[in-house]
$ cat entry.cif   # mmCIF, C-alpha atoms
data_my_file
loop_
_atom_site.label_atom_id
_atom_site.label_comp_id
_atom_site.auth_asym_id
_atom_site.auth_seq_id
_atom_site.Cartn_x
_atom_site.Cartn_y
_atom_site.Cartn_z
CA MET B 1 -29.67 -34.55 29.65
CA GLY B 2 -30.72 -30.97 30.32
CA LYS B 3 -28.35 -28.08 30.93
CA LEU B 4 -28.56 -25.12 33.27
CA CYS B 5 -26.12 -22.26 32.69
CA GLY B 6 -23.53 -24.71 31.38
CA TYR B 7 -24.23 -27.25 34.10
CA GLN B 8 -26.10 -30.48 33.61
CA ILE B 9 -29.24 -30.74 35.69
CA MET B 10 -29.63 -33.80 37.87
CA TYR B 11 -32.18 -36.18 36.45
CA PHE B 12 -31.95 -39.15 38.76
CA GLY B 13 -32.71 -42.54 37.29
CA LYS B 14 -32.96 -45.80 39.15
CA MET B 15 -30.13 -45.96 41.68
CA LYS B 16 -28.62 -48.89 43.48
CA LEU B 17 -30.07 -48.70 46.98
CA MET B 18 -28.79 -49.78 50.37
CA LYS B 19 -30.03 -53.25 51.25
CA ASN B 20 -29.81 -55.49 54.30
CA LYS B 21 -28.45 -52.69 56.47
CA LYS B 22 -29.35 -51.43 59.91
CA ILE B 23 -29.74 -47.69 59.39
CA LEU B 24 -29.93 -45.26 62.32
CA ILE B 25 -31.43 -41.88 61.39
CA PRO B 26 -31.11 -39.17 64.05
CA GLY B 27 -33.68 -36.53 63.13
CA GLY B 28 -35.65 -39.19 61.27
CA THR B 29 -39.09 -37.72 62.01
CA GLY B 30 -38.45 -34.66 59.81
CA ALA B 31 -39.33 -34.32 56.13
CA LEU B 32 -35.99 -35.68 54.89
CA GLY B 33 -36.01 -38.45 57.48
CA LYS B 34 -39.46 -39.61 56.39
CA THR B 35 -38.31 -39.71 52.76
CA LEU B 36 -35.29 -41.80 53.77
CA ILE B 37 -37.58 -44.18 55.67
CA LYS B 38 -39.92 -44.51 52.69
CA ARG B 39 -37.02 -45.36 50.41
CA TYR B 40 -35.14 -47.81 52.62
CA TYR B 41 -37.83 -49.34 54.83
CA ASP B 42 -38.61 -52.46 52.76
CA ASP B 43 -35.04 -53.73 52.42
CA ASN B 44 -33.41 -52.57 55.64
CA GLU B 45 -33.95 -52.25 59.37
CA ILE B 46 -34.59 -48.58 60.18
CA ILE B 47 -34.02 -46.99 63.59
CA VAL B 48 -35.20 -43.43 64.20
CA LEU B 49 -33.81 -41.25 66.99
CA SER B 50 -35.88 -38.11 67.55
CA ARG B 51 -37.18 -36.11 70.49
CA ASP B 52 -40.75 -35.65 69.15
CA GLU B 53 -42.87 -38.52 70.52
CA HIS B 54 -45.96 -37.47 68.53
CA LYS B 55 -44.09 -37.79 65.25
CA HIS B 56 -42.78 -41.19 66.37
CA TYR B 57 -46.37 -42.28 67.02
CA HIS B 58 -47.55 -41.29 63.55
CA LEU B 59 -44.50 -42.83 61.86
CA LEU B 60 -45.14 -46.17 63.57
CA LYS B 61 -48.68 -46.23 62.22
CA ASP B 62 -47.28 -46.08 58.68
CA TYR B 63 -44.17 -48.19 59.33
CA PRO B 64 -44.97 -50.72 62.07
CA ASN B 65 -41.58 -52.46 61.87
CA LEU B 66 -39.71 -49.22 62.44
CA LYS B 67 -37.50 -49.11 65.53
CA SER B 68 -38.35 -45.95 67.46
CA VAL B 69 -36.09 -44.24 70.00
CA VAL B 70 -37.31 -41.06 71.69
CA GLY B 71 -34.19 -39.05 72.39
CA ASP B 72 -32.04 -36.11 71.42
CA ILE B 73 -28.51 -35.95 70.00
CA ARG B 74 -27.81 -33.39 72.73
CA ASP B 75 -28.02 -36.35 75.13
CA LYS B 76 -24.97 -38.55 74.62
CA ALA B 77 -26.55 -41.36 76.63
CA ALA B 78 -29.55 -41.44 74.27
CA VAL B 79 -27.27 -41.70 71.23
CA MET B 80 -25.20 -44.46 72.83
CA ASN B 81 -28.34 -46.31 73.85
CA ALA B 82 -29.59 -46.32 70.24
CA LEU B 83 -26.25 -47.62 68.98
CA LEU B 84 -25.91 -50.40 71.55
CA ARG B 85 -29.55 -51.53 71.42
CA PHE B 86 -29.82 -51.84 67.65
CA ASN B 87 -26.23 -52.21 66.37
CA PRO B 88 -26.57 -50.13 63.19
CA ASN B 89 -23.93 -50.29 60.47
CA VAL B 90 -25.05 -47.03 58.81
CA VAL B 91 -25.87 -43.67 60.46
CA ILE B 92 -27.49 -40.86 58.45
CA ASN B 93 -27.46 -37.84 60.74
CA ALA B 94 -30.28 -35.49 59.71
CA ALA B 95 -30.84 -33.98 63.17
CA ALA B 96 -30.78 -30.17 63.26
CA LEU B 97 -32.30 -26.97 64.49
CA LYS B 98 -32.59 -25.33 61.08
CA HIS B 99 -34.95 -22.36 61.27
CA VAL B 100 -32.62 -19.42 60.58
CA PRO B 101 -34.47 -16.67 62.52
CA MET B 102 -35.03 -19.00 65.51
CA CYS B 103 -31.34 -19.89 65.57
CA GLU B 104 -30.48 -16.18 65.38
CA ALA B 105 -32.75 -15.51 68.36
CA ASN B 106 -31.52 -18.56 70.31
CA PRO B 107 -27.88 -19.05 69.32
CA TYR B 108 -26.90 -21.28 72.22
CA GLU B 109 -29.77 -23.65 71.45
CA SER B 110 -28.41 -23.92 67.92
CA VAL B 111 -24.92 -24.59 69.27
CA LYS B 112 -26.21 -27.35 71.57
CA THR B 113 -27.91 -29.23 68.73
CA ASN B 114 -25.95 -28.25 65.62
CA ILE B 115 -22.45 -28.51 67.12
CA VAL B 116 -22.46 -30.27 70.49
CA GLY B 117 -25.07 -32.78 69.32
CA HIS B 118 -22.91 -33.77 66.36
CA GLN B 119 -19.82 -34.06 68.52
CA ASN B 120 -21.86 -36.36 70.77
CA VAL B 121 -22.70 -38.54 67.77
CA ILE B 122 -19.06 -38.69 66.70
CA GLU B 123 -17.84 -39.57 70.21
CA CYS B 124 -20.47 -42.28 70.63
CA ILE B 125 -19.67 -43.80 67.24
CA THR B 126 -15.98 -43.79 68.16
CA LEU B 127 -16.76 -45.83 71.28
CA TYR B 128 -19.21 -48.05 69.41
CA ASP B 129 -16.59 -48.83 66.74
CA LYS B 130 -18.81 -51.02 64.52
CA LEU B 131 -20.02 -48.53 61.93
CA GLU B 132 -19.52 -48.96 58.19
CA THR B 133 -20.73 -45.53 57.01
CA LEU B 134 -21.54 -42.20 58.67
CA VAL B 135 -23.40 -39.55 56.64
CA PHE B 136 -23.79 -35.96 57.84
CA VAL B 137 -26.53 -33.79 56.31
CA SER B 138 -25.29 -30.20 55.98
CA THR B 139 -26.63 -27.08 54.22
CA ASP B 140 -25.65 -24.39 51.73
CA LYS B 141 -25.78 -22.00 54.68
CA ALA B 142 -22.51 -23.55 55.88
CA CYS B 143 -20.77 -22.05 52.83
CA LYS B 144 -19.40 -18.61 53.81
CA PRO B 145 -21.86 -18.50 56.71
CA ILE B 146 -23.34 -15.24 57.97
CA ASN B 147 -25.95 -16.66 60.35
CA VAL B 148 -25.83 -18.77 63.51
CA TYR B 149 -27.29 -21.83 61.81
CA GLY B 150 -24.76 -21.72 58.97
CA MET B 151 -21.85 -21.09 61.35
CA CYS B 152 -22.86 -24.07 63.46
CA LYS B 153 -23.20 -26.30 60.41
CA ALA B 154 -19.82 -25.13 59.06
CA ILE B 155 -18.18 -26.11 62.35
CA SER B 156 -19.97 -29.46 62.30
CA GLU B 157 -18.72 -30.12 58.78
CA GLN B 158 -15.20 -29.71 60.11
CA LEU B 159 -15.94 -32.00 63.06
CA TYR B 160 -16.86 -34.73 60.59
CA VAL B 161 -13.88 -33.94 58.35
CA GLY B 162 -11.60 -34.23 61.38
CA TYR B 163 -13.20 -37.52 62.39
CA SER B 164 -12.81 -38.88 58.85
CA LYS B 165 -9.04 -38.37 59.03
CA GLU B 166 -8.87 -40.78 61.97
CA GLN B 167 -10.90 -43.49 60.25
CA THR B 168 -9.72 -46.55 58.38
CA THR B 169 -12.84 -48.70 58.83
CA THR B 170 -15.73 -46.18 58.86
CA LYS B 171 -16.54 -44.22 55.72
CA VAL B 172 -17.47 -40.62 56.61
CA VAL B 173 -19.27 -38.47 54.04
CA MET B 174 -21.03 -35.12 54.12
CA VAL B 175 -23.78 -33.83 51.85
CA ARG B 176 -24.54 -30.14 51.37
CA TYR B 177 -27.57 -28.79 49.57
CA GLY B 178 -29.99 -25.89 49.38
CA ASN B 179 -33.69 -25.51 50.06
CA VAL B 180 -35.50 -28.83 49.97
CA LEU B 181 -38.92 -28.33 48.40
CA GLU B 182 -41.77 -28.51 50.93
CA SER B 183 -39.50 -29.47 53.83
CA THR B 184 -40.50 -28.32 57.30
CA GLY B 185 -40.17 -24.55 57.69
CA SER B 186 -39.28 -23.86 54.05
CA VAL B 187 -40.75 -21.11 51.89
CA ILE B 188 -43.24 -23.14 49.83
CA PRO B 189 -45.28 -24.49 52.78
CA PHE B 190 -45.19 -20.95 54.20
CA PHE B 191 -46.60 -19.45 51.01
CA LYS B 192 -49.16 -22.23 50.64
CA SER B 193 -50.44 -21.76 54.19
CA ILE B 194 -51.07 -18.06 53.54
CA LEU B 195 -52.81 -18.72 50.22
CA GLU B 196 -54.95 -21.53 51.62
CA LYS B 197 -56.12 -19.42 54.57
CA GLY B 198 -56.88 -16.50 52.27
CA THR B 199 -56.48 -14.01 55.12
CA LEU B 200 -53.86 -11.74 53.49
CA ASP B 201 -53.98 -9.70 50.30
CA HIS B 202 -50.23 -10.14 49.82
CA LEU B 203 -47.38 -12.63 50.10
CA PRO B 204 -44.44 -11.28 52.12
CA ILE B 205 -41.09 -11.48 50.30
CA THR B 206 -38.01 -10.37 52.18
CA ASP B 207 -36.30 -9.14 48.98
CA PHE B 208 -37.58 -9.26 45.40
CA GLY B 209 -34.10 -10.14 44.12
CA MET B 210 -33.62 -13.15 46.42
CA THR B 211 -32.62 -16.47 44.85
CA ARG B 212 -32.45 -19.96 46.30
CA PHE B 213 -31.17 -23.38 45.25
CA LEU B 214 -34.04 -25.88 45.15
CA LEU B 215 -34.24 -29.65 45.08
CA THR B 216 -36.87 -32.24 45.87
CA LEU B 217 -36.85 -34.56 48.86
CA ASP B 218 -36.18 -37.44 46.48
CA GLN B 219 -33.17 -35.61 45.04
CA ALA B 220 -31.91 -34.95 48.57
CA THR B 221 -32.18 -38.66 49.30
CA ASP B 222 -30.50 -39.49 45.99
CA LEU B 223 -27.56 -37.30 46.98
CA ILE B 224 -27.14 -39.27 50.20
CA GLN B 225 -27.24 -42.55 48.28
CA TRP B 226 -24.75 -41.21 45.72
CA ALA B 227 -22.30 -40.05 48.40
CA TYR B 228 -22.71 -43.38 50.18
CA ASP B 229 -21.85 -45.30 47.00
CA HIS B 230 -19.13 -43.11 45.52
CA ASP B 231 -15.66 -44.61 45.81
CA ASP B 232 -13.89 -41.33 46.57
CA SER B 233 -16.34 -39.49 48.85
CA HIS B 234 -14.72 -40.33 52.21
CA GLY B 235 -13.93 -37.15 54.13
CA LYS B 236 -15.45 -34.97 51.41
CA ILE B 237 -18.54 -32.79 51.01
CA ALA B 238 -20.87 -33.85 48.18
CA VAL B 239 -22.80 -31.04 46.49
CA PRO B 240 -25.51 -31.55 43.84
CA LYS B 241 -25.74 -29.49 40.66
CA VAL B 242 -29.28 -28.23 41.08
CA LYS B 243 -31.42 -25.40 39.79
CA SER B 244 -31.96 -22.09 41.52
CA LEU B 245 -35.02 -19.86 41.31
CA LYS B 246 -36.03 -16.35 42.25
CA VAL B 247 -38.30 -16.48 45.28
CA THR B 248 -40.68 -14.11 43.47
CA ASP B 249 -41.03 -16.67 40.65
CA ILE B 250 -42.03 -19.33 43.19
CA ALA B 251 -44.57 -16.97 44.75
CA ASN B 252 -46.08 -15.95 41.40
CA VAL B 253 -46.51 -19.56 40.27
CA LEU B 254 -48.30 -20.44 43.51
CA ILE B 255 -50.55 -17.37 43.35
CA ALA B 256 -51.55 -18.28 39.78
CA ARG B 257 -52.17 -21.89 40.80
CA TYR B 258 -54.53 -20.82 43.61
CA GLY B 259 -56.25 -18.32 41.31
CA LEU B 260 -56.09 -15.49 43.83
CA ASP B 261 -55.66 -11.75 43.44
CA VAL B 262 -52.68 -11.51 45.78
CA LYS B 263 -49.76 -9.11 45.44
CA LEU B 264 -46.15 -9.50 46.53
CA LYS B 265 -44.94 -7.26 49.34
CA GLU B 266 -41.24 -6.67 50.01
CA ILE B 267 -40.63 -6.63 53.76
CA GLY B 268 -36.82 -6.54 54.05
CA ILE B 269 -34.21 -9.22 54.62
CA ARG B 270 -34.36 -10.85 58.05
CA ASP B 271 -31.44 -11.21 60.43
CA GLY B 272 -29.04 -13.85 59.18
CA GLU B 273 -30.59 -14.10 55.72
CA LYS B 274 -28.55 -13.97 52.49
CA LEU B 275 -29.77 -12.46 49.25
CA HIS B 276 -28.14 -15.32 47.30
CA GLU B 277 -26.76 -18.66 48.49
CA GLU B 278 -23.54 -20.48 47.63
CA MET B 279 -22.92 -24.21 47.75
CA VAL B 280 -19.26 -24.04 46.68
CA SER B 281 -17.24 -20.92 47.56
CA HIS B 282 -14.34 -19.49 45.55
CA GLU B 283 -11.91 -20.87 48.12
CA GLU B 284 -13.53 -24.31 48.12
CA TRP B 285 -13.48 -24.41 44.33
CA MET B 286 -9.69 -24.86 44.38
CA ARG B 287 -10.14 -28.13 46.28
CA CYS B 288 -13.30 -29.18 44.47
CA GLU B 289 -13.64 -31.96 41.91
CA GLU B 290 -16.37 -31.31 39.34
CA LEU B 291 -18.25 -34.40 38.20
CA GLU B 292 -21.19 -34.81 35.82
CA ASN B 293 -23.98 -34.08 38.31
CA HIS B 294 -22.07 -33.29 41.49
CA PHE B 295 -19.16 -31.50 43.09
CA LEU B 296 -16.88 -33.14 45.67
CA ILE B 297 -15.13 -30.71 48.03
CA GLY B 298 -11.95 -32.15 49.50
CA GLN B 299 -9.32 -30.77 51.86
CA THR B 300 -6.37 -30.36 49.45
CA ASN B 301 -6.02 -27.79 46.68
CA ILE B 302 -6.13 -29.51 43.29
CA LYS B 303 -6.35 -26.43 41.01
CA LYS B 304 -5.69 -22.69 40.98
CA GLU B 305 -8.91 -21.66 39.28
CA GLN B 306 -11.41 -19.79 41.46
CA LYS B 307 -15.12 -19.90 40.67
CA SER B 308 -18.18 -20.46 42.81
CA PHE B 309 -21.46 -22.34 42.59
CA ASN B 310 -24.02 -19.78 43.65
CA SER B 311 -27.75 -19.26 43.24
CA LEU B 312 -27.47 -16.01 41.26
CA ASP B 313 -25.15 -17.22 38.49
CA TYR B 314 -26.95 -20.55 38.03
CA LEU B 315 -30.48 -19.22 37.89
CA MET B 316 -33.37 -20.87 36.09
CA ASP B 317 -35.32 -18.71 33.65
CA SER B 318 -38.58 -17.38 35.09
CA SER B 319 -40.52 -18.99 32.25
CA ASP B 320 -39.39 -22.45 33.45
CA ALA B 321 -40.54 -21.98 37.05
CA TYR B 322 -44.04 -23.39 36.52
CA LYS B 323 -42.80 -26.54 34.79
CA PHE B 324 -40.11 -27.09 37.41
CA LEU B 325 -42.55 -26.79 40.33
CA LYS B 326 -45.10 -28.98 38.54
CA ASP B 327 -42.55 -31.66 37.67
CA SER B 328 -41.36 -31.55 41.29
CA GLY B 329 -44.89 -32.20 42.59
CA VAL B 330 -45.25 -28.84 44.34
CA ILE B 331 -48.30 -27.99 42.22
CA LYS B 332 -50.73 -30.37 40.56
#

$ encode --input "entry.cif" --output "structure tokens"
Amino acid sequence: MGKLCGYQIMYFGKMKLMKNKKILIPGGTGALGKTLIKRYYDDNEIIVLSRDEHKHYHLLKDYPNLKSVVGDIRDKAAVMNALLRFNPNVVINAAALKHVPMCEANPYESVKTNIVGHQNVIECITLYDKLETLVFVSTDKACKPINVYGMCKAISEQLYVGYSKEQTTTKVVMVRYGNVLESTGSVIPFFKSILEKGTLDHLPITDFGMTRFLLTLDQATDLIQWAYDHDDSHGKIAVPKVKSLKVTDIANVLIARYGLDVKLKEIGIRDGEKLHEEMVSHEEWMRCEELENHFLIGQTNIKKEQKSFNSLDYLMDSSDAYKFLKDSGVIK
């Protein structure tokens, strides 16, 4: 078992998977949703609720037995329709507007999806009253948020926490993690698109000191499965112990892989962007249980110690960046 700054790195082995369930995935046409489908499709009935009909079309070509519902969590009727038509016993809510600058520029649109949409899901599930497990996919940006997206996600976390307190039959869990490698809108596809086009002599970096937590789509899915299985995760936020990297290290590895003479150009931090991310704040640490590969953030203080789990203090050495990105499948 490897170690990172005193923390064990997650190396996921074979996990017990959900079987014989009806799983509704709002936001299921995104990168995480597609990974969830790939993992659970063979042994479960999967229902996807998403507003993008083109992505539904392409998903159905790969997964013909998928149940497809074109709709938006902003529309309570669409959510209720999916619940009543297909009778799921598990909901994994991955729906979000997550592009930080776009949420900054369109805050009310973020509110409508990232807060109101989740309240719609909760209210519909309350009326439906047949659910075994509800999973909410959150983000490190909800920890001490400074941007619209993070603020909305932080409020939504509390909506689910509040709902969990009312539940005796439905297990409610939340998962919080950092940048998912190669997910839609993340930095690696952005860098790759520039390098593949070959139209710029530089890669834009907002700040050369910037660090980010990173995990693979499979690790993100593993976290959901772990939180689903764990006996004491109800009403709590599950956080993975993952590696962080300097964004410049990611850029330099990709430049070397493409064999290009491209420089890095610092362009300044964008609105709503943090230099470093946190997944557990000092205040949350006092109500956080530390496990081998995870943290569980509860609602009651269990210790006086104050630390944090942040991307600067738990940074991978630059010399390990290539191996990490290669092992993660980002580069061949």

$ resolve_selection --input "entry.cif" --expression "the PyMOL selection byres ((chain B and resi 178) around 8)" --output "JSON, numbers by chain"
{"B": [139, 140, 141, 176, 177, 179, 180, 212, 213, 214, 215, 277, 279]}

$ resolve_selection --input "entry.cif" --expression "the PyMOL selection byres ((chain B and resi 299) around 10)" --output "list in words"
Val161, Gly235, Lys236, Ile237, Glu284, Met286, Arg287, Cys288, Ile297, Gly298, Thr300, Asn301 and Ile302 of chain B

$ resolve_selection --input "entry.cif" --expression "the PyMOL selection byres ((chain B and resi 203-211) around 8)" --output "short mmCIF file (atom, residue, chain, number, x, y, z; two decimals) with C-alpha atoms, keeping the file's coordinate frame"
data_model
loop_
_atom_site.label_atom_id
_atom_site.label_comp_id
_atom_site.auth_asym_id
_atom_site.auth_seq_id
_atom_site.Cartn_x
_atom_site.Cartn_y
_atom_site.Cartn_z
CA PHE B 191 -46.60 -19.45 51.01
CA ILE B 194 -51.07 -18.06 53.54
CA LEU B 200 -53.86 -11.74 53.49
CA ASP B 201 -53.98 -9.70 50.30
CA HIS B 202 -50.23 -10.14 49.82
CA ARG B 212 -32.45 -19.96 46.30
CA PHE B 213 -31.17 -23.38 45.25
CA SER B 244 -31.96 -22.09 41.52
CA LEU B 245 -35.02 -19.86 41.31
CA LYS B 246 -36.03 -16.35 42.25
CA VAL B 247 -38.30 -16.48 45.28
CA THR B 248 -40.68 -14.11 43.47
CA ALA B 251 -44.57 -16.97 44.75
CA VAL B 262 -52.68 -11.51 45.78
CA LYS B 263 -49.76 -9.11 45.44
CA LEU B 264 -46.15 -9.50 46.53
CA LYS B 265 -44.94 -7.26 49.34
CA GLU B 266 -41.24 -6.67 50.01
CA ILE B 267 -40.63 -6.63 53.76
CA GLY B 268 -36.82 -6.54 54.05
CA ILE B 269 -34.21 -9.22 54.62
CA ARG B 270 -34.36 -10.85 58.05
CA LYS B 274 -28.55 -13.97 52.49
CA LEU B 275 -29.77 -12.46 49.25
CA HIS B 276 -28.14 -15.32 47.30
CA GLU B 277 -26.76 -18.66 48.49
CA SER B 311 -27.75 -19.26 43.24
CA LEU B 312 -27.47 -16.01 41.26
CA LEU B 315 -30.48 -19.22 37.89
#

$ atom_distance --input "entry.cif" --atom1 "atom CA of Glu123 of chain B" --atom2 "atom CA of Tyr57 of chain B"
28.8 Å

$ atom_distance --input "entry.cif" --atom1 "atom CA of Gly329 of chain B" --atom2 "atom CA of Thr35 of chain B"
14.3 Å

$ residues_around --input "entry.cif" --residues "Phe295 of chain B" --least-positions-apart "3" --cutoff "9 Å" --atoms "only C-alpha atoms" --output "list in words"
Ile237, Ala238, Val239, Pro240, Lys241, Val280, Cys288, Glu289, Glu290, Leu291 and Glu292 of chain B

$ residues_around --input "entry.cif" --residues "His58 of chain B" --least-positions-apart "6" --cutoff "12 Å" --atoms "only C-alpha atoms" --output "number ranges by chain"
B: 29-30, 34, 52, 64, 66, 68

$ closest_residue --input "entry.cif" --among "B:Leu32, B:Leu296, B:Leu254, B:Ala95" --to "Ala227 of chain B" --atoms "all atoms listed in the file"
B:Leu296
